[in-house]
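For reference, input.tsv is printed below; it contains TSV, C-alpha atoms and all ligand atoms.
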```
chain	number	residue	atom	x	y	z
A	1	MET	CA	-41.95	-26.16	-26.12
A	2	LEU	CA	-44.38	-27.14	-23.40
A	3	TYR	CA	-46.08	-30.53	-23.33
A	4	GLU	CA	-48.85	-31.98	-21.24
A	5	SER	CA	-47.53	-34.07	-18.35
A	6	ARG	CA	-46.77	-37.70	-19.18
A	7	THR	CA	-45.83	-38.58	-15.61
A	8	GLU	CA	-48.97	-37.54	-13.74
A	9	GLY	CA	-48.90	-38.93	-10.21
A	10	LEU	CA	-45.15	-39.55	-10.25
A	11	CYS	CA	-42.44	-37.30	-8.90
A	12	TRP	CA	-41.49	-35.02	-11.79
A	13	TRP	CA	-37.80	-35.12	-10.79
A	14	CYS	CA	-36.96	-38.84	-10.35
A	15	ARG	CA	-39.97	-40.03	-12.38
A	16	ALA	CA	-40.02	-43.22	-10.30
A	17	ALA	CA	-41.64	-42.63	-6.90
A	18	PRO	CA	-45.18	-41.46	-6.23
A	19	ALA	CA	-45.61	-37.68	-5.99
A	20	ASP	CA	-46.58	-37.47	-2.33
A	21	SER	CA	-44.69	-34.42	-1.11
A	22	ARG	CA	-45.51	-30.73	-1.41
A	23	GLU	CA	-42.82	-28.14	-2.07
A	24	HIS	CA	-43.37	-24.74	-0.49
A	25	LYS	CA	-44.39	-21.97	-2.92
A	26	LEU	CA	-43.39	-19.52	-0.23
A	27	LYS	CA	-40.38	-20.85	1.59
A	28	LYS	CA	-41.01	-21.75	5.20
A	29	THR	CA	-37.84	-20.05	6.39
A	30	ASP	CA	-38.81	-16.86	4.49
A	31	LEU	CA	-42.26	-16.81	6.10
A	32	LYS	CA	-40.83	-17.38	9.58
A	33	ARG	CA	-38.05	-14.85	9.05
A	34	GLN	CA	-40.47	-12.19	7.84
A	35	PHE	CA	-43.62	-12.90	9.87
A	36	GLY	CA	-42.65	-15.16	12.77
A	37	PRO	CA	-43.92	-18.67	13.57
A	38	GLY	CA	-47.56	-17.97	12.65
A	39	PRO	CA	-50.49	-17.87	12.48
A	40	TYR	CA	-50.62	-15.06	9.93
A	41	PRO	CA	-54.07	-13.43	10.14
A	42	GLU	CA	-52.80	-10.57	7.97
A	43	LEU	CA	-51.86	-12.90	5.07
A	44	SER	CA	-54.27	-14.53	2.67
A	45	SER	CA	-54.29	-16.03	-0.77
A	46	HIS	CA	-56.82	-14.82	-3.32
A	47	LYS	CA	-57.64	-17.65	-5.71
A	48	ASP	CA	-60.71	-18.76	-7.59
A	49	GLY	CA	-62.71	-15.86	-6.24
A	50	GLY	CA	-62.12	-16.62	-2.58
A	51	ASP	CA	-59.75	-15.74	0.23
A	52	ARG	CA	-57.76	-18.46	1.97
A	53	PHE	CA	-56.00	-17.40	5.13
A	54	ILE	CA	-52.52	-18.68	5.87
A	55	GLN	CA	-52.60	-20.38	9.24
A	56	GLY	CA	-48.84	-20.93	9.49
A	57	PRO	CA	-45.66	-21.72	7.58
A	58	ASP	CA	-46.84	-25.28	6.83
A	59	SER	CA	-50.27	-24.29	5.52
A	60	VAL	CA	-51.26	-26.03	2.27
A	61	VAL	CA	-52.02	-22.54	0.93
A	62	VAL	CA	-48.27	-21.84	0.74
A	63	LYS	CA	-47.43	-25.19	-0.88
A	64	PHE	CA	-47.71	-26.67	-4.35
A	65	LYS	CA	-49.85	-29.74	-4.91
A	66	PRO	CA	-47.87	-32.96	-4.32
A	67	THR	CA	-45.55	-33.08	-7.33
A	68	LEU	CA	-42.38	-34.54	-5.80
A	69	CYS	CA	-41.55	-37.66	-3.80
A	70	SER	CA	-40.43	-37.04	-0.25
A	71	ASP	CA	-36.86	-38.15	-1.00
A	72	CYS	CA	-36.44	-35.60	-3.81
A	73	ASN	CA	-38.21	-32.91	-1.81
A	74	ASN	CA	-36.04	-33.47	1.26
A	75	ARG	CA	-32.73	-35.32	1.02
A	76	ARG	CA	-31.99	-34.79	-2.68
A	77	SER	CA	-32.71	-31.07	-2.71
A	78	GLN	CA	-31.40	-30.21	0.74
A	79	PRO	CA	-28.14	-28.61	-0.54
A	80	HIS	CA	-30.21	-26.42	-2.87
A	81	ASP	CA	-32.57	-25.33	-0.10
A	82	LEU	CA	-29.63	-24.55	2.18
A	83	ALA	CA	-27.91	-22.51	-0.55
A	84	TYR	CA	-31.08	-20.44	-1.00
A	85	ASP	CA	-31.42	-19.97	2.77
A	86	ARG	CA	-27.83	-18.81	3.01
A	87	PHE	CA	-28.40	-16.31	0.19
A	88	ALA	CA	-31.66	-15.05	1.72
A	89	ASP	CA	-30.02	-14.68	5.14
A	90	TYR	CA	-27.19	-12.70	3.58
A	91	VAL	CA	-29.59	-10.39	1.74
A	92	ARG	CA	-31.60	-9.83	4.90
A	93	GLY	CA	-28.48	-9.00	6.91
A	94	HIS	CA	-26.84	-6.79	4.30
A	95	ASP	CA	-29.75	-5.00	2.66
A	96	ARG	CA	-28.35	-1.48	3.06
A	97	HIS	CA	-25.01	-2.41	1.54
A	98	ILE	CA	-26.70	-4.29	-1.32
A	99	LEU	CA	-28.99	-1.36	-2.10
A	100	SER	CA	-26.15	1.17	-2.03
A	101	SER	CA	-23.72	-0.96	-4.03
A	102	ARG	CA	-26.42	-2.43	-6.30
A	103	ALA	CA	-24.51	-5.71	-6.22
A	104	ILE	CA	-24.22	-8.93	-4.27
A	105	ASP	CA	-20.79	-10.47	-3.99
A	106	LEU	CA	-21.41	-14.21	-3.97
A	107	ARG	CA	-17.95	-14.73	-2.46
A	108	ALA	CA	-19.27	-12.94	0.63
A	109	VAL	CA	-22.35	-15.18	0.66
A	110	TYR	CA	-20.77	-18.60	0.05
A	111	GLY	CA	-17.07	-18.07	0.62
A	112	ARG	CA	-14.20	-17.35	-1.71
A	113	ASP	CA	-13.63	-21.01	-2.60
A	114	ARG	CA	-17.26	-22.18	-2.70
A	115	TRP	CA	-19.15	-19.35	-4.32
A	116	GLU	CA	-19.64	-21.14	-7.65
A	117	ASP	CA	-21.00	-24.26	-5.95
A	118	GLY	CA	-23.26	-22.07	-3.79
A	119	ARG	CA	-24.49	-20.15	-6.83
A	120	ASP	CA	-25.23	-23.36	-8.74
A	121	ASP	CA	-27.07	-24.91	-5.79
A	122	MET	CA	-29.15	-21.75	-5.38
A	123	LEU	CA	-30.03	-21.87	-9.09
A	124	ARG	CA	-31.06	-25.52	-8.62
A	125	PHE	CA	-33.39	-24.34	-5.85
A	126	PHE	CA	-35.10	-22.01	-8.33
A	127	ALA	CA	-35.19	-24.75	-10.97
A	128	LYS	CA	-36.95	-27.02	-8.46
A	129	HIS	CA	-39.48	-24.28	-7.80
A	130	ALA	CA	-40.07	-23.84	-11.54
A	131	GLY	CA	-40.43	-27.61	-11.97
A	132	CYS	CA	-43.06	-27.75	-9.23
A	133	ARG	CA	-44.92	-24.84	-10.83
A	134	LEU	CA	-44.96	-26.62	-14.20
A	135	ALA	CA	-45.97	-29.99	-12.70
A	136	GLU	CA	-48.76	-28.43	-10.64
A	137	ASN	CA	-50.23	-27.08	-13.85
A	138	GLY	CA	-50.01	-30.41	-15.69
A	139	ILE	CA	-46.99	-29.43	-17.80
A	140	GLU	CA	-44.22	-31.97	-18.40
A	141	VAL	CA	-41.00	-30.87	-16.70
A	142	PRO	CA	-38.16	-31.19	-19.20
A	143	GLU	CA	-35.36	-33.58	-18.29
A	144	PRO	CA	-32.03	-31.90	-17.60
A	145	HIS	CA	-29.49	-31.64	-20.40
A	146	LEU	CA	-26.17	-32.05	-18.64
B	201	ZN	ZN	-38.50	-38.12	-6.65
```

Can you give me the file's structure in the form of C-alpha cells?
Ligand SMILES: [Zn+2]
Amino acid sequence: MLYESRTEGLCWWCRAAPADSREHKLKKTDLKRQFGPGPYPELSSHKDGGDRFIQGPDSVVVKFKPTLCSDCNNRRSQPHDLAYDRFADYVRGHDRHILSSRAIDLRAVYGRDRWEDGRDDMLRFFAKHAGCRLAENGIEVPEPHL
C-alpha cells in the first residue's frame, strides 16, 4: 500500500535530519564511465514538454530532488554505493563472458567469502534508489522490517 508522505522535508531514511541532499538518478560513476567527464551535449532529459541538457555528471537533471540528508546520502550509504560500483565495473569488464554464459558469478565480483555481503549491499543501493524515487513523488517510504 502506498501512502502520501508524512515526513515531507525530512530525510526519508533517518526521518530526523532535513532533506538537503540529492541522490543521483543516473549514477555519477556510470555517466563518467560511459560518457567521460562531461559536458554531454548528446544527452538530454525530456520532461514536461521540454528538453533539458545534461551539462555534466553533477547536473541537477541527473539527480532526484533533495530527499535525503547528507549523512545518509554519503557516509551511511557509502558501502552500498561501493558495492554497486564494484558490480558495474565487473559487468563492464566481463560483458562478453556474461553474455555468453548468461550468468554473473557474484563470488567473482565480491570474492568467495564476501559475496553475500556484497550482494546485500548492492541490493541496499537499489532500495535507496527506490526510496528516493518514492520520496520525490510524495510517497511515504516504508520503514524497513528487519
Ligand atoms: Zn538521513

Item checked: All residues having an atom within 9 Å of ligand ZN 201 (chain B) (all atoms listed in the file) as an MDAnalysis selection string -> chainID A and resid 10:19 67:73 76

With C-alpha atoms retained, export the selected residues as a PDB file, in the coordinates of the input.
```pdb
ATOM      1  CA  LEU A  10     -45.150 -39.550 -10.250  1.00  0.00           C
ATOM      2  CA  CYS A  11     -42.440 -37.300  -8.900  1.00  0.00           C
ATOM      3  CA  TRP A  12     -41.490 -35.020 -11.790  1.00  0.00           C
ATOM      4  CA  TRP A  13     -37.800 -35.120 -10.790  1.00  0.00           C
ATOM      5  CA  CYS A  14     -36.960 -38.840 -10.350  1.00  0.00           C
ATOM      6  CA  ARG A  15     -39.970 -40.030 -12.380  1.00  0.00           C
ATOM      7  CA  ALA A  16     -40.020 -43.220 -10.300  1.00  0.00           C
ATOM      8  CA  ALA A  17     -41.640 -42.630  -6.900  1.00  0.00           C
ATOM      9  CA  PRO A  18     -45.180 -41.460  -6.230  1.00  0.00           C
ATOM     10  CA  ALA A  19     -45.610 -37.680  -5.990  1.00  0.00           C
ATOM     11  CA  THR A  67     -45.550 -33.080  -7.330  1.00  0.00           C
ATOM     12  CA  LEU A  68     -42.380 -34.540  -5.800  1.00  0.00           C
ATOM     13  CA  CYS A  69     -41.550 -37.660  -3.800  1.00  0.00           C
ATOM     14  CA  SER A  70     -40.430 -37.040  -0.250  1.00  0.00           C
ATOM     15  CA  ASP A  71     -36.860 -38.150  -1.000  1.00  0.00           C
ATOM     16  CA  CYS A  72     -36.440 -35.600  -3.810  1.00  0.00           C
ATOM     17  CA  ASN A  73     -38.210 -32.910  -1.810  1.00  0.00           C
ATOM     18  CA  ARG A  76     -31.990 -34.790  -2.680  1.00  0.00           C
TER      19      ARG A  76
END
```

At a cut-off of 12 Å, using only C-alpha atoms, what residues contact A:Arg33? Leave out same-chain residues fewer than 5 positions from it and give the result as an mmCIF file with C-alpha atoms, keeping the file's coordinate frame.
```
data_model
loop_
_atom_site.group_PDB
_atom_site.id
_atom_site.type_symbol
_atom_site.label_atom_id
_atom_site.label_comp_id
_atom_site.auth_asym_id
_atom_site.auth_seq_id
_atom_site.Cartn_x
_atom_site.Cartn_y
_atom_site.Cartn_z
ATOM 1 C CA LEU A 26 -43.390 -19.520 -0.230
ATOM 2 C CA LYS A 27 -40.380 -20.850 1.590
ATOM 3 C CA LYS A 28 -41.010 -21.750 5.200
ATOM 4 C CA GLY A 38 -47.560 -17.970 12.650
ATOM 5 C CA PRO A 57 -45.660 -21.720 7.580
ATOM 6 C CA ASP A 85 -31.420 -19.970 2.770
ATOM 7 C CA ALA A 88 -31.660 -15.050 1.720
ATOM 8 C CA ASP A 89 -30.020 -14.680 5.140
ATOM 9 C CA ARG A 92 -31.600 -9.830 4.900
ATOM 10 C CA GLY A 93 -28.480 -9.000 6.910
#
```

Next item on the list: Work out how far atom CA of A:His80 is from atom CA of A:Thr29, in Å to one decimal.
Entry: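 Atom CA of A:Thr29 sits 13.6 Å away from atom CA of A:His80.
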
For the interface of stretch 14-87 of chain A with stretch 104-108 of chain A (cut-off 12 Å, counting only C-alpha atoms), please tabulate each contacting residue of stretch 14-87 of chain A alongside its nearest pair of atoms and their separation in Å to one decimal, rows sorted by chain and increasing number, as a tab-separated table.
```
residue	atom	partner	partner_atom	distance
A:Ala83	CA	A:Leu106	CA	11.1
A:Tyr84	CA	A:Leu106	CA	11.9
A:Arg86	CA	A:Leu106	CA	10.5
A:Phe87	CA	A:Leu106	CA	8.4
```

Per-axis box centre and lengths in Å around stretch 7-15 of chain A, 8 Å margin per side, axis-aligned, as lines of an AutoDock Vina configuration file:
```
center_x = -43.0
center_y = -37.5
center_z = -12.3
size_x = 28.0
size_y = 21.0
size_z = 22.7
```

Note to self: So the first atom is atom CA of A:His24 and the second is atom CA of A:His94; what is the distance between them in Å, to one decimal place?
What the structure shows: 24.9 Å

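Our summary of the geometry notes that atom CA of A:Tyr110 is positioned 15.1 Å from atom CA of A:Arg124.
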
Check: Contacts of A:Glu140 at 10 Å or less, counting all atoms listed in the file, minus same-chain residues fewer than 2 places along, as a list of chain:residue names?
Finding: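 The residues that qualify are A:Met1, A:Leu2, A:Tyr3, A:Glu4, A:Ser5, A:Arg6, A:Thr7, A:Glu8, A:Trp12, A:Gly131, A:Leu134, A:Ala135, A:Glu136, A:Asn137, A:Gly138, A:Pro142, A:Glu143.
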
Limited to C-alpha atoms, could you put the picked residues into a file as a PDB file, keeping the file's coordinate frame?
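That gives us part-v9.pdb:
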```pdb
ATOM      1  CA  MET A   1     -41.950 -26.160 -26.120  1.00  0.00           C
ATOM      2  CA  LEU A   2     -44.380 -27.140 -23.400  1.00  0.00           C
ATOM      3  CA  TYR A   3     -46.080 -30.530 -23.330  1.00  0.00           C
ATOM      4  CA  GLU A   4     -48.850 -31.980 -21.240  1.00  0.00           C
ATOM      5  CA  SER A   5     -47.530 -34.070 -18.350  1.00  0.00           C
ATOM      6  CA  ARG A   6     -46.770 -37.700 -19.180  1.00  0.00           C
ATOM      7  CA  THR A   7     -45.830 -38.580 -15.610  1.00  0.00           C
ATOM      8  CA  GLU A   8     -48.970 -37.540 -13.740  1.00  0.00           C
ATOM      9  CA  TRP A  12     -41.490 -35.020 -11.790  1.00  0.00           C
ATOM     10  CA  GLY A 131     -40.430 -27.610 -11.970  1.00  0.00           C
ATOM     11  CA  LEU A 134     -44.960 -26.620 -14.200  1.00  0.00           C
ATOM     12  CA  ALA A 135     -45.970 -29.990 -12.700  1.00  0.00           C
ATOM     13  CA  GLU A 136     -48.760 -28.430 -10.640  1.00  0.00           C
ATOM     14  CA  ASN A 137     -50.230 -27.080 -13.850  1.00  0.00           C
ATOM     15  CA  GLY A 138     -50.010 -30.410 -15.690  1.00  0.00           C
ATOM     16  CA  PRO A 142     -38.160 -31.190 -19.200  1.00  0.00           C
ATOM     17  CA  GLU A 143     -35.360 -33.580 -18.290  1.00  0.00           C
TER      18      GLU A 143
END
```

Notebook entry, point to check: Smallest atom-to-atom distance to A:Pro79: which of A:Lys128, A:Arg133, A:Arg96, A:Arg22, using all atoms listed in the file?
Noted result: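 Among A:Lys128, A:Arg133, A:Arg96, A:Arg22, it is A:Lys128 that comes nearest to A:Pro79.
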
Next item on the list: Considering all atoms listed in the file, state which residue in the set A:Asp95, A:Glu116, A:Asp81, A:Asp48 is at the smallest distance from A:His129.
Entry: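 Smallest separation from A:His129 among the options: A:Asp81.
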
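Among the candidates A:Pro144, A:Phe53, A:Phe125, A:Leu31, the one nearest to A:Asn74 when counting all atoms listed in the file is A:Phe125.
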
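Nearest to A:Ile54 of all the residues A:Arg112, A:Ser77, A:Pro39, A:Val91 is A:Pro39, counting only C-alpha atoms.
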